[in-house]
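See structure below.
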Amino acid sequence: MAGPDTMNADIKTRNRKRIYELLFSNPSMTKPELAAQLSLSLPTVHANLTALLKDGLVRENGFRENTGGRKARDYSIVKDARLAVGLDITMHHVTAVAVNVAGEIIDMIRLRRNFEFTDLYMQRLGLLVDQLIVQAGIPRNRILGVGLGVPGLVTEDCRRIFYGKILDFEGASVEDFSKYIDFHCALFNDAKAAGFAEFWRQTELQDAFYIMLSSNVGGAVYKGGSISSGKNRCAGEIGHVKIDARGPRCYCGQYGCLDCYCAASVLASRYDGSLEAFFRDLNGGGAEAKLIWDVYLDHLAKAVSTIRLLFDCPIIIGGYVGQYLDSWLDDLRKRIKALDSFNTPLEDVRTCRFKKESIAAGGALYFINEFLESI
Ligand SMILES: [Zn+2]
């Protein structure tokens, strides 16, 4: 049984966390507001705020006029008290982002560089992280870690890639990637990282499915408030659901996987690899783009219908293509409706909130989340 000292320590930690959480969810608050909303005494709020100020996690903003005419000090969280870096490693690019404790991307660098499993490439990754930190003006001691999103399946401890056909890096470990990075590093599957960013602190979402339509197609199952990767860590791998057994060969070795029909390259390949150019043409009424898009949306609708049948939960569509989907959502929903056996409402089919850099952001948010849990 826990003794009185342990129980007091628990209560103290819990109060500190509750105060920080409330400040986190509000632009600013005064001591009386915190005390009233959390049913805590003013001395308890004062003691905790003093400690949070000392740790550099909270700051004073000056005075605010109270309803009773008395002035009260105003407090808010220090958003850049800690930061994390996220990397999105793809076949032709590396994107690095710096994310603060509020989950905001404060700076980024996108580097055009073909992936190669060489020492030179890993050196370049180290240099990129350092460049970003200097560019963003972040003191190095505030960096919590570097999360690397990769197109592959990663072991539960975030240390090894056990399936990685896209970049042919199966068996690579976090040590390989972090050789020239001075911070704690962790590896993440790209879609799981993007899904994590999408679900992060979305308390109204308990169960959901995230579809990532990027250079490859992936997915993440969100269950009871966390990502569920399944027994073999391939839960949510919607990119390899078979659309047509007679279809083209997928990089996984099978035929007719959704990845062959809904990867961003399907749209961009006839536009010099530029998705932006594809959507420009589509929005300008280009006949070829319209034709490609029509087929694409039909396949996407099939995939979403399958997920709805299996999970019956909100479905969030993101990734490189997801960022352009807002104006096409009604069209997509109509196509899903046409395939729906149960006439279920379609509001739960949505587009992503992270329009850009969700993979890199998700990698960084892993460390931010860990830090926030530790407060
Ligand atoms: Zn496949």
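In the structure tokens, each chain is lettered A, B, ... as it comes, each chain's residues begin at 1, and ligands are numbered from 1 in order of appearance.
Neighbours of ligand 1 at a cut-off of 9 Å, computed so that only C-alpha atoms and all ligand atoms are counted, are the residues Gly239, His240, Val241, Lys242, Arg249, Cys250, Tyr251, Cys252, Gly253, Gln254, Tyr255, Gly256, Cys257, Leu258, Asp259 and Cys260 of chain A.
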(message) Using DSSP secondary structure from the backbone, list all strand (DSSP E) positions within range 208-340 of chain A, as a ChimeraX atom specification.
(response) /A:208-213,217-223,226-228,315-318
(message) Residues near Lys223 in chain A, anyone? I mean within 9 Å using only C-alpha atoms, not counting same-chain ones fewer than 3 positions away, as an MDAnalysis selection string.
(response) chainID A and resid 206:209 226:228
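Computed from the coordinates, the CA of Ala220 in chain A to CA of Val304 in chain A distance equals 13.1 Å.
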(request) Just the residues within 8 Å of Val146 in chain A, please, counting only C-alpha atoms, with nothing from its chain fewer than 2 positions along; format it as a list in words. (result)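 Near Val146 in chain A, the qualifying residues are Ala84, Val85, Gly86, Leu87, Leu144, Leu148, Phe183, His184, Cys185, Ala186, Gly363, Ala364 and Phe367 of chain A.
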Range 154-195 of chain A: which residues are alpha helix (DSSP H) by DSSP, as a PDB file with all heavy atoms, in the first residue's frame?
```pdb
ATOM      1  N   VAL A 174      18.055   2.027 -36.048  1.00  0.00           N
ATOM      2  CA  VAL A 174      18.080   3.448 -35.685  1.00  0.00           C
ATOM      3  C   VAL A 174      19.522   3.932 -35.560  1.00  0.00           C
ATOM      4  O   VAL A 174      19.820   5.091 -35.868  1.00  0.00           O
ATOM      5  CB  VAL A 174      17.234   3.693 -34.402  1.00  0.00           C
ATOM      6  CG1 VAL A 174      17.920   3.178 -33.158  1.00  0.00           C
ATOM      7  CG2 VAL A 174      16.877   5.161 -34.252  1.00  0.00           C
ATOM      8  N   GLU A 175      20.419   3.050 -35.184  1.00  0.00           N
ATOM      9  CA  GLU A 175      21.840   3.437 -35.069  1.00  0.00           C
ATOM     10  C   GLU A 175      22.405   3.825 -36.443  1.00  0.00           C
ATOM     11  O   GLU A 175      23.221   4.734 -36.551  1.00  0.00           O
ATOM     12  CB  GLU A 175      22.694   2.307 -34.480  1.00  0.00           C
ATOM     13  CG  GLU A 175      22.518   2.089 -32.979  1.00  0.00           C
ATOM     14  CD  GLU A 175      21.261   1.299 -32.643  1.00  0.00           C
ATOM     15  OE1 GLU A 175      20.679   0.650 -33.550  1.00  0.00           O
ATOM     16  OE2 GLU A 175      20.835   1.333 -31.464  1.00  0.00           O
ATOM     17  N   ASP A 176      21.954   3.118 -37.500  1.00  0.00           N
ATOM     18  CA  ASP A 176      22.423   3.459 -38.854  1.00  0.00           C
ATOM     19  C   ASP A 176      22.061   4.902 -39.205  1.00  0.00           C
ATOM     20  O   ASP A 176      22.864   5.633 -39.775  1.00  0.00           O
ATOM     21  CB  ASP A 176      21.775   2.527 -39.900  1.00  0.00           C
ATOM     22  CG  ASP A 176      22.227   1.079 -39.726  1.00  0.00           C
ATOM     23  OD1 ASP A 176      23.399   0.869 -39.410  1.00  0.00           O
ATOM     24  OD2 ASP A 176      21.386   0.166 -39.909  1.00  0.00           O
ATOM     25  N   PHE A 177      20.820   5.270 -38.855  1.00  0.00           N
ATOM     26  CA  PHE A 177      20.338   6.606 -39.230  1.00  0.00           C
ATOM     27  C   PHE A 177      20.859   7.703 -38.310  1.00  0.00           C
ATOM     28  O   PHE A 177      20.947   8.861 -38.702  1.00  0.00           O
ATOM     29  CB  PHE A 177      18.799   6.630 -39.232  1.00  0.00           C
ATOM     30  CG  PHE A 177      18.196   5.910 -40.402  1.00  0.00           C
ATOM     31  CD1 PHE A 177      17.894   4.555 -40.330  1.00  0.00           C
ATOM     32  CD2 PHE A 177      17.945   6.582 -41.587  1.00  0.00           C
ATOM     33  CE1 PHE A 177      17.350   3.886 -41.414  1.00  0.00           C
ATOM     34  CE2 PHE A 177      17.403   5.926 -42.679  1.00  0.00           C
ATOM     35  CZ  PHE A 177      17.110   4.571 -42.598  1.00  0.00           C
ATOM     36  N   SER A 178      21.147   7.330 -37.059  1.00  0.00           N
ATOM     37  CA  SER A 178      21.465   8.380 -36.076  1.00  0.00           C
ATOM     38  C   SER A 178      22.967   8.551 -35.856  1.00  0.00           C
ATOM     39  O   SER A 178      23.378   9.260 -34.946  1.00  0.00           O
ATOM     40  CB  SER A 178      20.788   8.060 -34.744  1.00  0.00           C
ATOM     41  OG  SER A 178      21.283   6.839 -34.242  1.00  0.00           O
ATOM     42  N   ASP A 190       5.910   5.595 -41.837  1.00  0.00           N
ATOM     43  CA  ASP A 190       5.442   6.913 -42.299  1.00  0.00           C
ATOM     44  C   ASP A 190       3.955   7.166 -42.045  1.00  0.00           C
ATOM     45  O   ASP A 190       3.578   8.204 -41.491  1.00  0.00           O
ATOM     46  CB  ASP A 190       5.795   7.130 -43.787  1.00  0.00           C
ATOM     47  CG  ASP A 190       5.399   5.965 -44.693  1.00  0.00           C
ATOM     48  OD1 ASP A 190       4.746   5.019 -44.223  1.00  0.00           O
ATOM     49  OD2 ASP A 190       5.748   6.011 -45.893  1.00  0.00           O
ATOM     50  N   ALA A 191       3.101   6.187 -42.399  1.00  0.00           N
ATOM     51  CA  ALA A 191       1.659   6.401 -42.237  1.00  0.00           C
ATOM     52  C   ALA A 191       1.257   6.460 -40.760  1.00  0.00           C
ATOM     53  O   ALA A 191       0.365   7.222 -40.381  1.00  0.00           O
ATOM     54  CB  ALA A 191       0.879   5.297 -42.941  1.00  0.00           C
ATOM     55  N   LYS A 192       1.933   5.662 -39.939  1.00  0.00           N
ATOM     56  CA  LYS A 192       1.608   5.671 -38.495  1.00  0.00           C
ATOM     57  C   LYS A 192       2.017   7.027 -37.902  1.00  0.00           C
ATOM     58  O   LYS A 192       1.330   7.571 -37.041  1.00  0.00           O
ATOM     59  CB  LYS A 192       2.335   4.552 -37.747  1.00  0.00           C
ATOM     60  CG  LYS A 192       2.118   3.144 -38.321  1.00  0.00           C
ATOM     61  CD  LYS A 192       0.783   2.565 -37.934  1.00  0.00           C
ATOM     62  CE  LYS A 192       0.626   1.128 -38.397  1.00  0.00           C
ATOM     63  NZ  LYS A 192       0.562   0.938 -39.859  1.00  0.00           N
ATOM     64  N   ALA A 193       3.157   7.550 -38.373  1.00  0.00           N
ATOM     65  CA  ALA A 193       3.609   8.862 -37.891  1.00  0.00           C
ATOM     66  C   ALA A 193       2.608   9.942 -38.320  1.00  0.00           C
ATOM     67  O   ALA A 193       2.192  10.775 -37.503  1.00  0.00           O
ATOM     68  CB  ALA A 193       4.998   9.188 -38.441  1.00  0.00           C
ATOM     69  N   ALA A 194       2.197   9.903 -39.597  1.00  0.00           N
ATOM     70  CA  ALA A 194       1.238  10.902 -40.094  1.00  0.00           C
ATOM     71  C   ALA A 194      -0.090  10.782 -39.348  1.00  0.00           C
ATOM     72  O   ALA A 194      -0.706  11.783 -38.967  1.00  0.00           O
ATOM     73  CB  ALA A 194       1.025  10.720 -41.594  1.00  0.00           C
ATOM     74  N   GLY A 195      -0.522   9.544 -39.117  1.00  0.00           N
ATOM     75  CA  GLY A 195      -1.765   9.305 -38.373  1.00  0.00           C
ATOM     76  C   GLY A 195      -1.651   9.827 -36.946  1.00  0.00           C
ATOM     77  O   GLY A 195      -2.574  10.441 -36.417  1.00  0.00           O
TER      78      GLY A 195
END
```
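In this comparison, which uses only C-alpha atoms, the residue of A:Thr203, A:Gln135, A:Asn369, A:Thr344 approaching Gly147 in chain A most closely is A:Asn369.
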(message) I'd like to know which of A:Met122, A:Leu167, A:Val221, A:Ala197 is closest to Ile181 in chain A, using only C-alpha atoms.
(response)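 Nearest to Ile181 in chain A: A:Met122.
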(message) I want to know what sits within 9 Å of range 124-126 of chain A, based on only C-alpha atoms, with residues of the same chain fewer than 3 positions away left out; could you give that as a PyMOL selection string?
(response) chain A and resi 87+94+119-121+129-131+177-182
Written selection (N, CA and C atoms) as a PDB file, in the first residue's frame:
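So the final result, stored in again_32.pdb, reads:
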```pdb
ATOM      1  N   LEU A  87      11.775  13.935 -39.209  1.00  0.00           N
ATOM      2  CA  LEU A  87      12.271  13.790 -40.586  1.00  0.00           C
ATOM      3  C   LEU A  87      11.327  12.885 -41.362  1.00  0.00           C
ATOM      4  N   VAL A  94      14.170  14.515 -48.474  1.00  0.00           N
ATOM      5  CA  VAL A  94      14.117  14.449 -47.011  1.00  0.00           C
ATOM      6  C   VAL A  94      13.524  15.777 -46.546  1.00  0.00           C
ATOM      7  N   ASP A 119      27.047   5.897 -45.881  1.00  0.00           N
ATOM      8  CA  ASP A 119      27.538   6.764 -44.812  1.00  0.00           C
ATOM      9  C   ASP A 119      27.358   8.238 -45.191  1.00  0.00           C
ATOM     10  N   LEU A 120      27.556   8.522 -46.478  1.00  0.00           N
ATOM     11  CA  LEU A 120      27.442   9.900 -46.965  1.00  0.00           C
ATOM     12  C   LEU A 120      26.019  10.437 -46.762  1.00  0.00           C
ATOM     13  N   TYR A 121      25.062   9.584 -47.062  1.00  0.00           N
ATOM     14  CA  TYR A 121      23.659   9.977 -46.900  1.00  0.00           C
ATOM     15  C   TYR A 121      23.354  10.246 -45.424  1.00  0.00           C
ATOM     16  N   VAL A 129      19.709  18.071 -39.839  1.00  0.00           N
ATOM     17  CA  VAL A 129      19.158  18.319 -38.498  1.00  0.00           C
ATOM     18  C   VAL A 129      19.845  19.544 -37.891  1.00  0.00           C
ATOM     19  N   ASP A 130      21.178  19.591 -38.006  1.00  0.00           N
ATOM     20  CA  ASP A 130      21.922  20.737 -37.459  1.00  0.00           C
ATOM     21  C   ASP A 130      21.537  22.045 -38.149  1.00  0.00           C
ATOM     22  N   GLN A 131      21.390  21.977 -39.489  1.00  0.00           N
ATOM     23  CA  GLN A 131      20.999  23.183 -40.253  1.00  0.00           C
ATOM     24  C   GLN A 131      19.647  23.708 -39.772  1.00  0.00           C
ATOM     25  N   PHE A 177      20.820   5.270 -38.855  1.00  0.00           N
ATOM     26  CA  PHE A 177      20.338   6.606 -39.230  1.00  0.00           C
ATOM     27  C   PHE A 177      20.859   7.703 -38.310  1.00  0.00           C
ATOM     28  N   SER A 178      21.147   7.330 -37.059  1.00  0.00           N
ATOM     29  CA  SER A 178      21.465   8.380 -36.076  1.00  0.00           C
ATOM     30  C   SER A 178      22.967   8.551 -35.856  1.00  0.00           C
ATOM     31  N   LYS A 179      23.762   7.922 -36.713  1.00  0.00           N
ATOM     32  CA  LYS A 179      25.218   7.972 -36.548  1.00  0.00           C
ATOM     33  C   LYS A 179      25.735   9.407 -36.471  1.00  0.00           C
ATOM     34  N   TYR A 180      25.112  10.309 -37.224  1.00  0.00           N
ATOM     35  CA  TYR A 180      25.590  11.701 -37.253  1.00  0.00           C
ATOM     36  C   TYR A 180      24.564  12.677 -36.656  1.00  0.00           C
ATOM     37  N   ILE A 181      23.633  12.122 -35.890  1.00  0.00           N
ATOM     38  CA  ILE A 181      22.641  12.984 -35.230  1.00  0.00           C
ATOM     39  C   ILE A 181      22.901  12.912 -33.720  1.00  0.00           C
ATOM     40  N   ASP A 182      23.085  14.064 -33.102  1.00  0.00           N
ATOM     41  CA  ASP A 182      23.495  14.108 -31.697  1.00  0.00           C
ATOM     42  C   ASP A 182      22.368  13.906 -30.696  1.00  0.00           C
TER      43      ASP A 182
END
```
